[in-house]
Every structure is written in C-alpha cells, then in structure tokens.
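Step one of this worksheet: look at the structure below.
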4 protein chains.
Amino acid sequence: MTIEKFSEISQPFKVILLDSYGVLRNHDGLIPGVVECVNRLRAEGKHLRVLTNNAARSPAAAAKNLKKYGLRGIPAAEIITSGATTRHFLQYKIRTGKVVYLGTPQSAEYIIGAGLEAVHISEVDLDDLTDIKAVAFLDDEGYDKNVDVNHVINLLRHCQVPVVVANTDLLYPVSKDNVALATGSVARLVEYVLGRRFIQFGKPASQMFQFAFESLLRDFPDLTHADVLMVGDTLHTDILGGNTFGVSTALVLSGNTRAERAETEISSSGIIPDFIIQSIGA
Amino acid sequence: MTIEKFSEISQPFKVILLDSYGVLRNHDGLIPGVVECVNRLRAEGKHLRVLTNNAARSPAAAAKNLKKYGLRGIPAAEIITSGATTRHFLQYKIRTGKVVYLGTPQSAEYIIGAGLEAVHISEVDLDDLTDIKAVAFLDDEGYDKNVDVNHVINLLRHCQVPVVVANTDLLYPVSKDNVALATGSVARLVEYVLGRRFIQFGKPASQMFQFAFESLLRDFPDLTHADVLMVGDTLHTDILGGNTFGVSTALVLSGNTRAERAETEISSSGIIPDFIIQSIGA
Amino acid sequence: MTIEKFSEISQPFKVILLDSYGVLRNHDGLIPGVVECVNRLRAEGKHLRVLTNNAARSPAAAAKNLKKYGLRGIPAAEIITSGATTRHFLQYKIRTGKVVYLGTPQSAEYIIGAGLEAVHISEVDLDDLTDIKAVAFLDDEGYDKNVDVNHVINLLRHCQVPVVVANTDLLYPVSKDNVALATGSVARLVEYVLGRRFIQFGKPASQMFQFAFESLLRDFPDLTHADVLMVGDTLHTDILGGNTFGVSTALVLSGNTRAERAETEISSSGIIPDFIIQSIGA
Amino acid sequence: MTIEKFSEISQPFKVILLDSYGVLRNHDGLIPGVVECVNRLRAEGKHLRVLTNNAARSPAAAAKNLKKYGLRGIPAAEIITSGATTRHFLQYKIRTGKVVYLGTPQSAEYIIGAGLEAVHISEVDLDDLTDIKAVAFLDDEGYDKNVDVNHVINLLRHCQVPVVVANTDLLYPVSKDNVALATGSVARLVEYVLGRRFIQFGKPASQMFQFAFESLLRDFPDLTHADVLMVGDTLHTDILGGNTFGVSTALVLSGNTRAERAETEISSSGIIPDFIIQSIGA
C-alpha cells in the first residue's frame, strides 16, 4: 500500500470532488491544512465541489457550518447534498401533490423547495391517503421511531407511490466511540419487511456525481470523466461511487478508514481507490 | 389446488403440532370448531403440541389466554413458545452471568428462569460491560426504539458475546388492516448494520420442533418423523419449518394465507405444504 | 391500471430512450407498427437512443441486426450498449495493461476498443498474474462453466483488481417457454462466494442513461431530465433505471411484462412507471 | 484469545461430535495425534459421531477413506453425512416417485436408498415432467454446468416440487492455494435467479446434529444438550451449527481457520466458540 501526497496526485485533474466529513472536518473540527489546500487548489484554477450524504440541512446551512469551523472558501453553490439530488428528483418526477416525510422540519425544505406539499408522517391519516404522491426518508431525527415507522409501513401497504431515501448511510458517528442509526438504516428496515427496493440518493448512488458533472459540462462541454478526481474517507460510499461513475478516486486516511485497517478493507471489499493519501492537508 | 378435510388427513399421524394464531384463534377470537376438533384428537389418542413464535409471555400465560377465548383443552405443558427454546439455550450455553435484553419485564422471565441475571438494555452502562454474557431480543415492546436500538448497537460493537433472537417474525397484525414491527425486524436491522447473524429461535428454525419431538421421544422411543403433522397458517414459518424438520405439513386458510392467494404464494415461494385445509374446525 | 396510447404520451418529450428486446422486437421479429412509430418520432424532431443490456455485440452489429429484422431507421450512433459503457469505464479508469474476460471474441472487442489487451480467462496462468489490471464479465457464452468459473474465482482470490460486469441481467429468453443464465448470474455467483460487489453496467445502473444524456447535453445545453422519456418492457431494469435517473418512464406490455401480471408486479415491486402502454406501435 | 488443550476441555462431555476435513484429516493426510486421541476418547467411554458435509459418498465409503489415511477407529455407523440426512428427508417426506438430481452416480445412491427413483438432470424431458416429486442438488460433479444448470432452472419454472440441497458448502479446497465451487454455490445461484429458498442440509443446518442426538437419545433417554461437544474447523458451519443447536463448541486451528485470523473472524462474524484448541491431536 503506497501512500501518496495529495499535492502530487491532484495535478492532472481539472475537477476535484470532496467528501465533507472525514475529508474537510471530523468530530474534532477542521482537519489540519485544509484551508491551505483549498486555497492552493483555487490558485491552480481547479473546480471544486463538495459531495455530502446529508439531507438534514441545505447547502447554505452546510456552507455556514464549514465557515463556523474556519473554512470560508466553499460557497453554498459548490456544495451538493444528497437532499439536493432528492429535491431534483421530486421536482422532475413527482411535480405536484403531497410528499409524506420522515425527518426534521429543516429536511422538509427539500420537498417544499421542489414545489410540493410536505406532510409529516405523524400527520398522515391512514383512512384518507388522497393526493399522496410520494414518501421520503429524509433524516433520522424529527419523528418517533416507536410509532412512526409502523405508520409508514402501513401507509405503504395501502398506497402505491414512489419512495425515496435521501441518504443511504447506515450509521453515523455521535462521539469518538459511538454511532447512531442513520436514515438509510430505517429505510432499509422498511424495504426489508415490505420486500421492496426504494429509490436511493447519496453516494455510492451516482446522482450527486452526475449533478456535479452535468452542471460543469454546461459550461465546459469538453470535460470528460478523466478530468475528475473524487476524494473521500469511506470505501463503500465515496470510492465505490466514484469508481462506478468512472472517475479517479483517492482514499484519505483522516476519517472513517484508519491507516492500519485500509489494506484489509480494500482487499476484502474489492473497492479499490486509484490513490491513497494521508489527508488533503498533509 | 385441492382443499382437504382435516379430519380425513389427520388419521395416520400420532402427533399433531399446531400453530396458535391463525389455527386456534385469530383477531376475532376462537376459530369455529376448534374446541370440538381438539376434543376429537384427544379421543383418538393423539399427542398435541402448540408451537408459537412468542417470547412475550410464558406457556402458563399462553394457556390461560387460550382458556379466556374458550379453549380449555390445552395445558401449559403442551405449549412450546420460542421463548422457552431461548431459555433452554441460555441455560445450557450461557449458564451464568448477565443477559442484556430488549423486551418487557414478563419476557425477561425466560432469562431469570434459566438461572441468569436479566439486565434491561436501558440500564447498561457502556463504560462497564463486566460479566455481560449474552444479549437477547425478546419482545418488540418494553423499550424505547429512539434510544435503545442505538444503545444495543454500541454495546455489541464493544462487547463480543452471543446474541439470541427469541422470535424472528418480522411483522404482526394489530388490527384487521394494520401491522406492527415484531422483534425479528428490530434484530434484523441490528444484524444488518453490524454485518453479523444472530442465533434465531422461533419457526422456521428447528428448535421448537426438536423440543417437541425430543420430549415425546423420551416417552415413545419408536416415534419417527413420519408420525408427525405440523399445522399452520404461514408458509415462511410453519410450513417451511415443518418441511425442513422432515415432518408432514398442512396449511390452513383460516389465518395469514388467504384462499385466493395460496396457490400463487406456494408457487412463487416454493414452500409446498403436503396438505391444504380450510381450518382445523371445518 | 390505465393503458395509454404512446402517440399521446410521447408529445411533451424531446428525447425518447428505447429498450430494444421487448420494445422494438421480440422472439417473433419486429413488433407491429414499430417502423411507422420510429418514422413519426423522427418527423416530430425527437432525439432517439436505444439502450440495450448487451455486451455480446457492437452498436454497429446491433444496428445491422435491427435492419435485418426490417427496422432501418436506427443508426449505430444512436445505439448505446452496456458493453459501450463498460468500454468507456475501462478506457478512463484502467487505461493500460491486461483485462481478463469471460465471453466470446466479439465481446472482447470492447476491451480492445479501449486500448487494452484482452486475455481470455482460459489463458490465465495463476502463477503469473503480472500486469493484469481488471477482470470483465462480458457474455454468458465463449467459455466453459465447468472450469473457467473456478479459474476466475481463484484468480480473484490471488489478485486485487477491479471487476466489471458488462450486463447484469440474470436470465434471457431462449425460446417462448425457456430461459438461460445471462452474464449477470455468473458474476453474481462469483460475487457471492467471494463476499464482494463488482462494478455493474447495464440498466438499472445509470451509466447508459448518463451516456445518452451527457452526449445530448454537449449539443443541447438546455436539456433537462424533464425532457426525457424511457420506454421499456422490464420493471427491474428499464423502469427502475429510468425512475432512479429521474426521467419519465413508460412500461410497454409487448415484452417481458404481460398485461395480466403488470398490476401485481408493479404493486409488489414498488417500481412504478409514469405510463403504461400496449406497445409503441399500437 | 485463550488456546486450550483438547484433553482438558473434553472431560465433562459424554458425546463428542467431530467434523472430518480439518479436524481428523486435511489435504496432507491424517492430522498428527488423531489416532491416539480417538483411542483415548474410546477408553474414556465417550460416544463419538463424525458429522461431515458430504453427499458425494456413503458413510461406508467415508469410513473406508478414513481407514486408508490410517484412522481405523471410526465405523460407518458413527459417520453422519449430509447425504444421509437428505435421504432421511426424501424417505419421510417424498416417499414415492422420481427425484431429479445433479451429481455423480454414487451420490444418487442416497435417493435410491430412500426407495425412490433417481433421474439424472440430463435425462429430463421438459415436455414430460410426470411423476417428478422432488429435485436434489447432491454434488458439484457428474453434470455439465454449461447446459444442466439451465435445464434445472427451466424444470423448476414449469414444475412445482420441493428442492433439497444435500450440502450447502460454497467452496471446497482442491489444493493448498485453490478452491472450487461446491454444490451449495450452484444451488444458491438457482435459488437466486428463481427468487426461492430450497431446503438445506449440512451444517450449519441442524438436521445432522438432530440425527446424532436423537439416535443417542433412544439409547440414553437422560442425555441433554449439556452433555455434547461439537469440534470443527469452520465458524460458519461447525461452530454456528453447534451453537444454534445449543451444544458446546470447540474451534480447532488445524483446518480452515488459521490461528492468526481466528480472533478477527470470530469478532467480525459474531460466531463465538466456547473453546479454541490447536488440534484434537495436540
């Protein structure tokens, strides 16, 4: 396993896609050297996009959050959340009517932003399902798992509508040692008991990569997949997603994947990054 | 699809194993003709056992419940719950120490009955896991799914002990039209996010069949699998379990499997009962 | 279930994506009315692309084949095969070296066309794996399943390289009543025994949709997903893939999905087309 | 991870169940000390049974094979193969008619021994499926995987009968470094493409444990699960099967599970043996 320097491998690429948690920051705050790295990439004329599995807050709120940590160089327009690709789907595929959601009021902004009516799962009356056009799993907070998961299962047994999952992550860190169930786990459970597969957003699914690539392609019609590097800390989301989308991938060791486990995890999963680097700031 | 009469197919068998919900009773009360059927089987000298996927109450409480509905002929000694096979496992494999459980205080009786100390998941301190010897998923009630599911996930990430699931049913009916998540679903979710498989009790697993067969074998050493008929209303538990254990199986249409769907479900699942009957009381 | 007319639903769309088998032709030859339909769509100025899960022949060979059946209006440049998206991946991600393949010599053209060296699985010496950069499952024919499947399993146990599956279909029709294992099944078996997930091409994966959309976007930068309709006969590939990519979808009843089964299959799978039509020629 | 001595842990048990490959012998021949160990267990009055996932040869042939390697002390009557439990199932559940099989002529003896007619898959005429009562996957050899796997898939699409898998192992070693697909893999592929689950024999399924326990129970009605120790080299078959059956388990490091990997594999799988020993002969 060769560990390379980010400043050396990033040269040939015109576009750098960056995961947020584990690449730009972690539970301790900003990863050392990240501000300098972003400044250098800007100076070199590279296009940046942050791709984050998150439907709990808007790109604007995510940009504000990075600023709070000390990273001012990433405007909201360069942040692509899995919530934003979900909103895009709702806007083009659902168009009108009610979307039932599991999540916080902030996460519901992605439904409202698509011009649709957001109805919290707890407000659904199973005897009147008129005009419900879709169901969205947006966030792991904002509802009661003792009653609302059963409620959505019964809703979906009675009502045949598309279901979207805005973030397929299974777990997320809540402290150095502990984790909590993310939205993807709750959705996976409902899929399993119903014997169905929902429409999934968030890496490794390709919509966020597409979103970034298509938006750049409108300005730079000569862009190809060979011009793009995805940088992330998680094999099953960032690296698998980037590999499948056909762009180059770099695994950082500043997040989920620890240096001493990287080789075993790559080999047992078969998800192989093109490069391994310590951190983008190192 | 030929529908036969129970009184005609039951003749050759010395032992009749019966599921409870859907065979003896349903959400409306006792299934018509069940009292007469049990009396007839007794008169014919057949041995009966009720096999029920349930760790929420003891065999004694289950017998009392059947009596309440009007069926007096089934003593507690003839009721085998998935909780009882779980208790048997804990007694022989774990032997001493603490067993952490998710469930009601009544369900914890199966741990206490095995001579072990029952600790509710909410009482576990992740900083002191001393003497925890096993984890048991007993019931879908008695804990808060908003916090205790995360708690057991973190416990199992820090502590390498056997995990048992006392009832692998995924859903159970709460009214004519609606269902709720059963213990098996919560356990399946935890298995999925941890990448592990737990030890599973309850049909289709074979322990309840074994328990019934071995107990009869001690008294009747000549008994063979050909002497036994399992009667149930669910293909994936009763019929699959009976088929795999090597005994004859009869599907009743008085519970989960509706007459108009039976043929399709048999054919698409490949789980084929030896007989199909309307109900044991018909 | 409302069955609509294709000529009425196709109006608002600028781009029509068509599956081949089941939409343009079936085992009996061309589906009636297809030639007239394609002519009408051309006259209306719509852009067409055929998306076919096939790595057994080139787009040129596929166009020739449609001509043989009587459909002259589809040039090779408008046919996107899953083999072509696989070639694109190999070209941008692998770049140089040897690619081991399971398939016919024709399927290997997709490797050679990417500027790489194609090595048939039967020619691999497990004691010299130098310079092998990827493995590709291309076709279900062209190798001996008695020995070559074991050979690729042992190769992948010794050699950590990306693996691509050029067509994830599990079965394909060989006559009116019978089917055969497609490439996707063989790959799935190898994934299963190795505990890995390979990179998958072919609907429902999004690369073919992207390929079509990005190529049109270079010429028409204002194009959006709302301008696109995918037409296919299979829920799990055409409709799921189109829905996930965020374009409109129409299920035809002229192929895999029979009219009398459509409603049940939609409802049990939860894969919901925006439209249902008899055939594009009706 | 504490490694104990077999002679010390075996004391409290009246019955010792032993896996064959990896416990008694491996690809080099008999494991050192095995003859002495078996003699000692006999002298101590313990009951022995060998439980082997194998339907390729009869217990008599397996006993002869052990003798050839130098182990004379295991008579055929103490060897339980997964083929024997399959035969038991066919005898009690199928009773009469034709059983289609995939395997060698030797493996078909298990069908003939159950009083049924064995029909090789290659001899099946899809236009005349009269009197076919079951399908059995017996061995990975004895048929052509290029044509017979498709043949059994089409047979099962047209004919609704029980399917049994006599050995669910996925891979088996063919040399120090290489493996081959076992019967279980071929069956798993067919299950997957048909969306069905077959009836499975061989560890970790419980039938072989039951078979051993019930046969001893007829002679020793006081026997309990606490009297039994299962010794094996594979976590997912021997140890999982023994744990689920509720008997004590000992993992040996003389076969599949290498000492340096044991701790990681136990911890990641959650399959926890009661004891770990170097070998039964050490």
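Chain lettering (A, B, ...) mirrors the order of the structure tokens, residue numbering begins at 1 for each chain separately, and ligand numbering begins at 1 in order of display.
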Produce the least-squares-superposed copy of chain C, fitted on chain A over all in-order C-alpha pairs, as a compact mmCIF listing (two decimals) with C-alpha atoms, in the first residue's frame.
```
# COMPACT_ATOMS: atom_id res chain seq x y z
CA MET C 1 0.02 0.01 0.03
CA THR C 2 1.65 3.19 -1.22
CA ILE C 3 0.61 6.44 0.48
CA GLU C 4 0.99 9.41 -1.85
CA LYS C 5 0.88 13.17 -1.33
CA PHE C 6 -2.32 14.93 -2.38
CA SER C 7 -0.44 17.88 -3.89
CA GLU C 8 1.32 15.49 -6.24
CA ILE C 9 -1.60 13.36 -7.36
CA SER C 10 -4.08 16.22 -7.85
CA GLN C 11 -2.11 17.88 -10.66
CA PRO C 12 -3.68 16.25 -13.75
CA PHE C 13 -7.30 16.83 -12.70
CA LYS C 14 -9.47 19.84 -13.58
CA VAL C 15 -12.25 18.98 -11.13
CA ILE C 16 -11.84 17.84 -7.51
CA LEU C 17 -14.89 16.34 -5.75
CA LEU C 18 -14.55 16.27 -1.97
CA ASP C 19 -16.49 14.47 0.71
CA SER C 20 -17.08 16.70 3.74
CA TYR C 21 -16.96 14.68 6.99
CA GLY C 22 -13.59 12.92 7.20
CA VAL C 23 -12.01 14.97 4.41
CA LEU C 24 -12.61 18.62 5.36
CA ARG C 25 -13.51 18.13 9.01
CA ASN C 26 -14.13 15.49 11.66
CA HIS C 27 -15.51 15.42 15.21
CA ASP C 28 -12.50 17.47 16.37
CA GLY C 29 -13.08 20.32 13.91
CA LEU C 30 -11.26 21.21 10.70
CA ILE C 31 -8.61 18.75 9.52
CA PRO C 32 -5.17 20.46 9.68
CA GLY C 33 -4.01 22.02 6.41
CA VAL C 34 -7.44 22.01 4.76
CA VAL C 35 -7.71 25.80 4.43
CA GLU C 36 -4.29 26.00 2.73
CA CYS C 37 -5.17 23.06 0.48
CA VAL C 38 -8.40 24.64 -0.73
CA ASN C 39 -6.58 27.94 -1.38
CA ARG C 40 -3.90 26.14 -3.39
CA LEU C 41 -6.49 24.28 -5.51
CA ARG C 42 -8.25 27.60 -6.22
CA ALA C 43 -4.94 29.20 -7.21
CA GLU C 44 -4.35 26.32 -9.62
CA GLY C 45 -7.70 27.03 -11.27
CA LYS C 46 -9.35 23.78 -10.32
CA HIS C 47 -13.12 23.44 -9.95
CA LEU C 48 -14.27 22.14 -6.57
CA ARG C 49 -17.47 20.50 -5.45
CA VAL C 50 -18.30 19.10 -2.03
CA LEU C 51 -20.49 15.96 -2.19
CA THR C 52 -22.10 15.21 1.15
CA ASN C 53 -24.60 12.48 2.13
CA ASN C 54 -26.87 14.80 4.05
CA ALA C 55 -30.49 15.83 3.78
CA ALA C 56 -30.68 17.34 7.24
CA ARG C 57 -29.64 20.79 6.11
CA SER C 58 -29.48 22.94 2.99
CA PRO C 59 -26.29 23.69 1.03
CA ALA C 60 -26.43 27.22 2.51
CA ALA C 61 -26.54 25.82 6.05
CA ALA C 62 -23.73 23.40 5.21
CA ALA C 63 -21.55 26.25 3.87
CA LYS C 64 -22.27 28.27 7.01
CA ASN C 65 -21.27 25.29 9.12
CA LEU C 66 -17.92 24.91 7.33
CA LYS C 67 -17.34 28.66 7.88
CA LYS C 68 -18.05 28.21 11.56
CA TYR C 69 -15.26 25.62 11.65
CA GLY C 70 -12.92 28.07 9.87
CA LEU C 71 -13.22 27.05 6.20
CA ARG C 72 -14.49 30.13 4.35
CA GLY C 73 -13.56 29.13 0.82
CA ILE C 74 -16.54 26.87 -0.04
CA PRO C 75 -19.68 28.75 -1.17
CA ALA C 76 -23.11 27.09 -0.97
CA ALA C 77 -23.22 26.86 -4.76
CA GLU C 78 -20.35 24.37 -4.67
CA ILE C 79 -21.95 22.08 -2.10
CA ILE C 80 -24.08 19.23 -3.39
CA THR C 81 -26.11 17.44 -0.74
CA SER C 82 -27.99 14.17 -1.19
CA GLY C 83 -31.01 16.24 -0.18
CA ALA C 84 -30.50 18.43 -3.26
CA THR C 85 -30.50 15.46 -5.63
CA THR C 86 -33.62 14.20 -3.87
CA ARG C 87 -35.28 17.58 -4.40
CA HIS C 88 -34.30 17.48 -8.07
CA PHE C 89 -35.95 14.06 -8.40
CA LEU C 90 -39.14 15.19 -6.65
CA GLN C 91 -39.34 18.26 -8.86
CA TYR C 92 -38.94 16.39 -12.16
CA LYS C 93 -40.68 13.10 -11.36
CA ILE C 94 -43.41 13.95 -8.85
CA ARG C 95 -44.21 17.58 -9.78
CA THR C 96 -47.41 18.14 -7.75
CA GLY C 97 -49.21 16.88 -4.65
CA LYS C 98 -48.26 15.75 -1.15
CA VAL C 99 -45.00 14.12 -0.14
CA VAL C 100 -45.03 12.33 3.23
CA TYR C 101 -41.68 12.60 5.02
CA LEU C 102 -39.76 11.20 7.98
CA GLY C 103 -37.38 13.88 9.21
CA THR C 104 -37.00 17.29 10.80
CA PRO C 105 -38.75 20.48 9.60
CA GLN C 106 -35.42 21.64 8.09
CA SER C 107 -35.14 18.48 6.00
CA ALA C 108 -38.68 19.09 4.71
CA GLU C 109 -37.36 22.22 2.98
CA TYR C 110 -36.13 19.94 0.20
CA ILE C 111 -39.75 18.94 -0.51
CA ILE C 112 -41.10 22.47 -0.27
CA GLY C 113 -38.26 23.70 -2.47
CA ALA C 114 -39.45 21.27 -5.16
CA GLY C 115 -42.86 22.97 -5.17
CA LEU C 116 -44.58 20.15 -3.35
CA GLU C 117 -46.55 19.92 -0.13
CA ALA C 118 -44.64 18.33 2.78
CA VAL C 119 -46.70 16.21 5.22
CA HIS C 120 -45.03 14.82 8.34
CA ILE C 121 -45.58 11.08 8.81
CA SER C 122 -47.29 11.67 12.17
CA GLU C 123 -49.95 13.78 10.45
CA VAL C 124 -51.00 11.08 7.98
CA ASP C 125 -54.51 9.67 8.40
CA LEU C 126 -54.48 6.10 7.04
CA ASP C 127 -58.16 6.46 6.19
CA ASP C 128 -57.52 9.39 3.84
CA LEU C 129 -54.50 8.95 1.60
CA THR C 130 -55.82 11.24 -1.16
CA ASP C 131 -53.23 13.12 -3.15
CA ILE C 132 -50.19 11.48 -1.53
CA LYS C 133 -47.70 11.21 -4.41
CA ALA C 134 -44.50 10.02 -2.74
CA VAL C 135 -42.85 9.14 0.56
CA ALA C 136 -39.41 10.48 1.53
CA PHE C 137 -36.99 9.25 4.20
CA LEU C 138 -35.04 12.45 4.87
CA ASP C 139 -33.44 12.33 8.30
CA ASP C 140 -33.08 10.00 11.28
CA GLU C 141 -34.40 12.67 13.63
CA GLY C 142 -37.71 14.50 13.85
CA TYR C 143 -40.06 11.56 14.39
CA ASP C 144 -40.83 8.86 16.96
CA LYS C 145 -39.39 5.49 15.95
CA ASN C 146 -41.77 3.71 18.32
CA VAL C 147 -44.84 4.67 16.29
CA ASP C 148 -43.92 6.44 13.04
CA VAL C 149 -42.03 3.51 11.50
CA ASN C 150 -45.11 1.30 11.89
CA HIS C 151 -47.18 4.15 10.49
CA VAL C 152 -45.14 4.44 7.31
CA ILE C 153 -45.17 0.64 6.84
CA ASN C 154 -48.98 0.62 6.98
CA LEU C 155 -49.16 3.66 4.71
CA LEU C 156 -47.03 1.88 2.10
CA ARG C 157 -49.10 -1.30 2.36
CA HIS C 158 -52.18 0.71 1.41
CA CYS C 159 -50.75 3.24 -1.03
CA GLN C 160 -48.65 2.56 -4.11
CA VAL C 161 -46.33 5.55 -4.55
CA PRO C 162 -42.60 6.04 -5.19
CA VAL C 163 -40.41 6.10 -2.09
CA VAL C 164 -37.13 8.01 -1.96
CA VAL C 165 -34.31 7.73 0.56
CA ALA C 166 -32.33 10.95 0.74
CA ASN C 167 -29.29 9.45 2.45
CA THR C 168 -28.44 5.76 2.40
CA ASP C 169 -25.77 5.86 5.13
CA LEU C 170 -26.48 3.20 7.74
CA LEU C 171 -24.67 4.65 10.77
CA TYR C 172 -23.08 7.95 11.72
CA PRO C 173 -20.60 8.80 14.48
CA VAL C 174 -22.02 10.57 17.54
CA SER C 175 -18.79 10.53 19.56
CA LYS C 176 -15.30 9.12 19.28
CA ASP C 177 -16.53 5.61 20.18
CA ASN C 178 -20.22 5.49 19.45
CA VAL C 179 -22.59 5.57 16.48
CA ALA C 180 -26.29 6.02 15.80
CA LEU C 181 -28.66 4.68 13.14
CA ALA C 182 -28.79 6.98 10.10
CA THR C 183 -31.78 7.44 7.75
CA GLY C 184 -30.58 4.67 5.46
CA SER C 185 -30.99 2.06 8.19
CA VAL C 186 -34.58 2.98 8.93
CA ALA C 187 -35.39 2.93 5.21
CA ARG C 188 -33.59 -0.41 4.78
CA LEU C 189 -35.72 -1.93 7.56
CA VAL C 190 -38.92 -0.79 5.87
CA GLU C 191 -37.70 -2.06 2.49
CA TYR C 192 -36.89 -5.41 4.06
CA VAL C 193 -40.24 -6.03 5.75
CA LEU C 194 -42.16 -4.90 2.65
CA GLY C 195 -39.94 -6.80 0.18
CA ARG C 196 -39.38 -3.65 -1.90
CA ARG C 197 -36.42 -1.51 -3.02
CA PHE C 198 -36.73 2.26 -2.76
CA ILE C 199 -35.04 4.92 -4.90
CA GLN C 200 -31.77 5.79 -3.23
CA PHE C 201 -29.85 9.04 -3.17
CA GLY C 202 -26.45 9.78 -1.68
CA LYS C 203 -23.11 8.16 -2.51
CA PRO C 204 -22.48 5.46 -3.73
CA ALA C 205 -25.52 6.19 -5.93
CA SER C 206 -24.50 8.26 -8.90
CA GLN C 207 -26.90 11.20 -8.81
CA MET C 208 -24.59 13.56 -6.88
CA PHE C 209 -21.71 12.76 -9.23
CA GLN C 210 -23.98 13.37 -12.21
CA PHE C 211 -25.30 16.59 -10.72
CA ALA C 212 -21.73 17.89 -10.35
CA PHE C 213 -20.59 16.66 -13.74
CA GLU C 214 -23.63 17.83 -15.71
CA SER C 215 -23.52 21.30 -14.17
CA LEU C 216 -19.84 21.68 -15.12
CA LEU C 217 -20.51 20.20 -18.58
CA ARG C 218 -22.96 23.00 -19.38
CA ASP C 219 -20.04 25.45 -19.00
CA PHE C 220 -17.20 23.24 -20.23
CA PRO C 221 -18.55 20.93 -22.95
CA ASP C 222 -15.13 19.30 -23.44
CA LEU C 223 -14.94 17.94 -19.91
CA THR C 224 -14.52 14.16 -19.63
CA HIS C 225 -14.57 11.71 -16.72
CA ALA C 226 -10.76 11.55 -16.97
CA ASP C 227 -10.64 15.16 -15.73
CA VAL C 228 -12.28 14.35 -12.40
CA LEU C 229 -10.92 13.13 -9.03
CA MET C 230 -13.19 12.11 -6.12
CA VAL C 231 -11.62 12.33 -2.64
CA GLY C 232 -13.29 10.56 0.27
CA ASP C 233 -12.74 8.67 3.51
CA THR C 234 -15.25 5.83 3.06
CA LEU C 235 -14.78 2.91 0.67
CA HIS C 236 -18.47 1.94 0.39
CA THR C 237 -19.73 5.42 -0.43
CA ASP C 238 -17.06 7.81 -1.80
CA ILE C 239 -14.73 5.34 -3.49
CA LEU C 240 -17.35 2.85 -4.74
CA GLY C 241 -19.47 5.74 -6.04
CA GLY C 242 -16.53 7.42 -7.79
CA ASN C 243 -15.27 4.16 -9.29
CA THR C 244 -18.72 3.28 -10.60
CA PHE C 245 -19.19 6.76 -12.07
CA GLY C 246 -15.88 6.23 -13.88
CA VAL C 247 -13.79 8.98 -12.30
CA SER C 248 -10.49 8.64 -10.46
CA THR C 249 -10.67 8.13 -6.70
CA ALA C 250 -8.43 8.93 -3.73
CA LEU C 251 -8.97 7.46 -0.27
CA VAL C 252 -7.97 9.69 2.66
CA LEU C 253 -6.97 8.21 6.01
CA SER C 254 -8.22 11.22 8.00
CA GLY C 255 -11.74 9.86 8.60
CA ASN C 256 -13.64 6.54 8.74
CA THR C 257 -10.91 4.35 7.26
CA ARG C 258 -7.95 4.01 9.60
CA ALA C 259 -4.45 3.52 8.19
CA GLU C 260 -3.92 0.15 9.91
CA ARG C 261 -7.20 -1.25 8.52
CA ALA C 262 -7.11 0.24 5.00
CA GLU C 263 -5.32 -2.58 3.22
CA THR C 264 -7.56 -5.32 4.69
CA GLU C 265 -10.73 -3.37 3.96
CA ILE C 266 -9.73 -2.66 0.37
CA SER C 267 -8.79 -6.24 -0.24
CA SER C 268 -11.86 -7.81 1.38
CA SER C 269 -14.32 -5.37 -0.21
CA GLY C 270 -12.69 -5.25 -3.63
CA ILE C 271 -13.35 -1.49 -3.70
CA ILE C 272 -10.01 -0.19 -4.93
CA PRO C 273 -9.10 3.52 -4.88
CA ASP C 274 -6.67 4.81 -7.51
CA PHE C 275 -4.72 6.64 -4.79
CA ILE C 276 -4.33 6.55 -1.03
CA ILE C 277 -3.34 9.75 0.81
CA GLN C 278 -2.97 10.65 4.46
CA SER C 279 -5.17 13.75 4.24
CA ILE C 280 -5.69 16.55 1.76
CA GLY C 281 -3.93 18.85 4.20
CA ALA C 282 -0.82 16.73 4.78
```
- [ ] Identify, with DSSP run on backbone atoms, the residues in region 30-273 of chain B assigned to alpha helix (DSSP H), and express the list as a ChimeraX atom specification.
- [x] /B:34-43,59-69,82-89,105-112,148-158,183-194,207-219,240-245,259-269
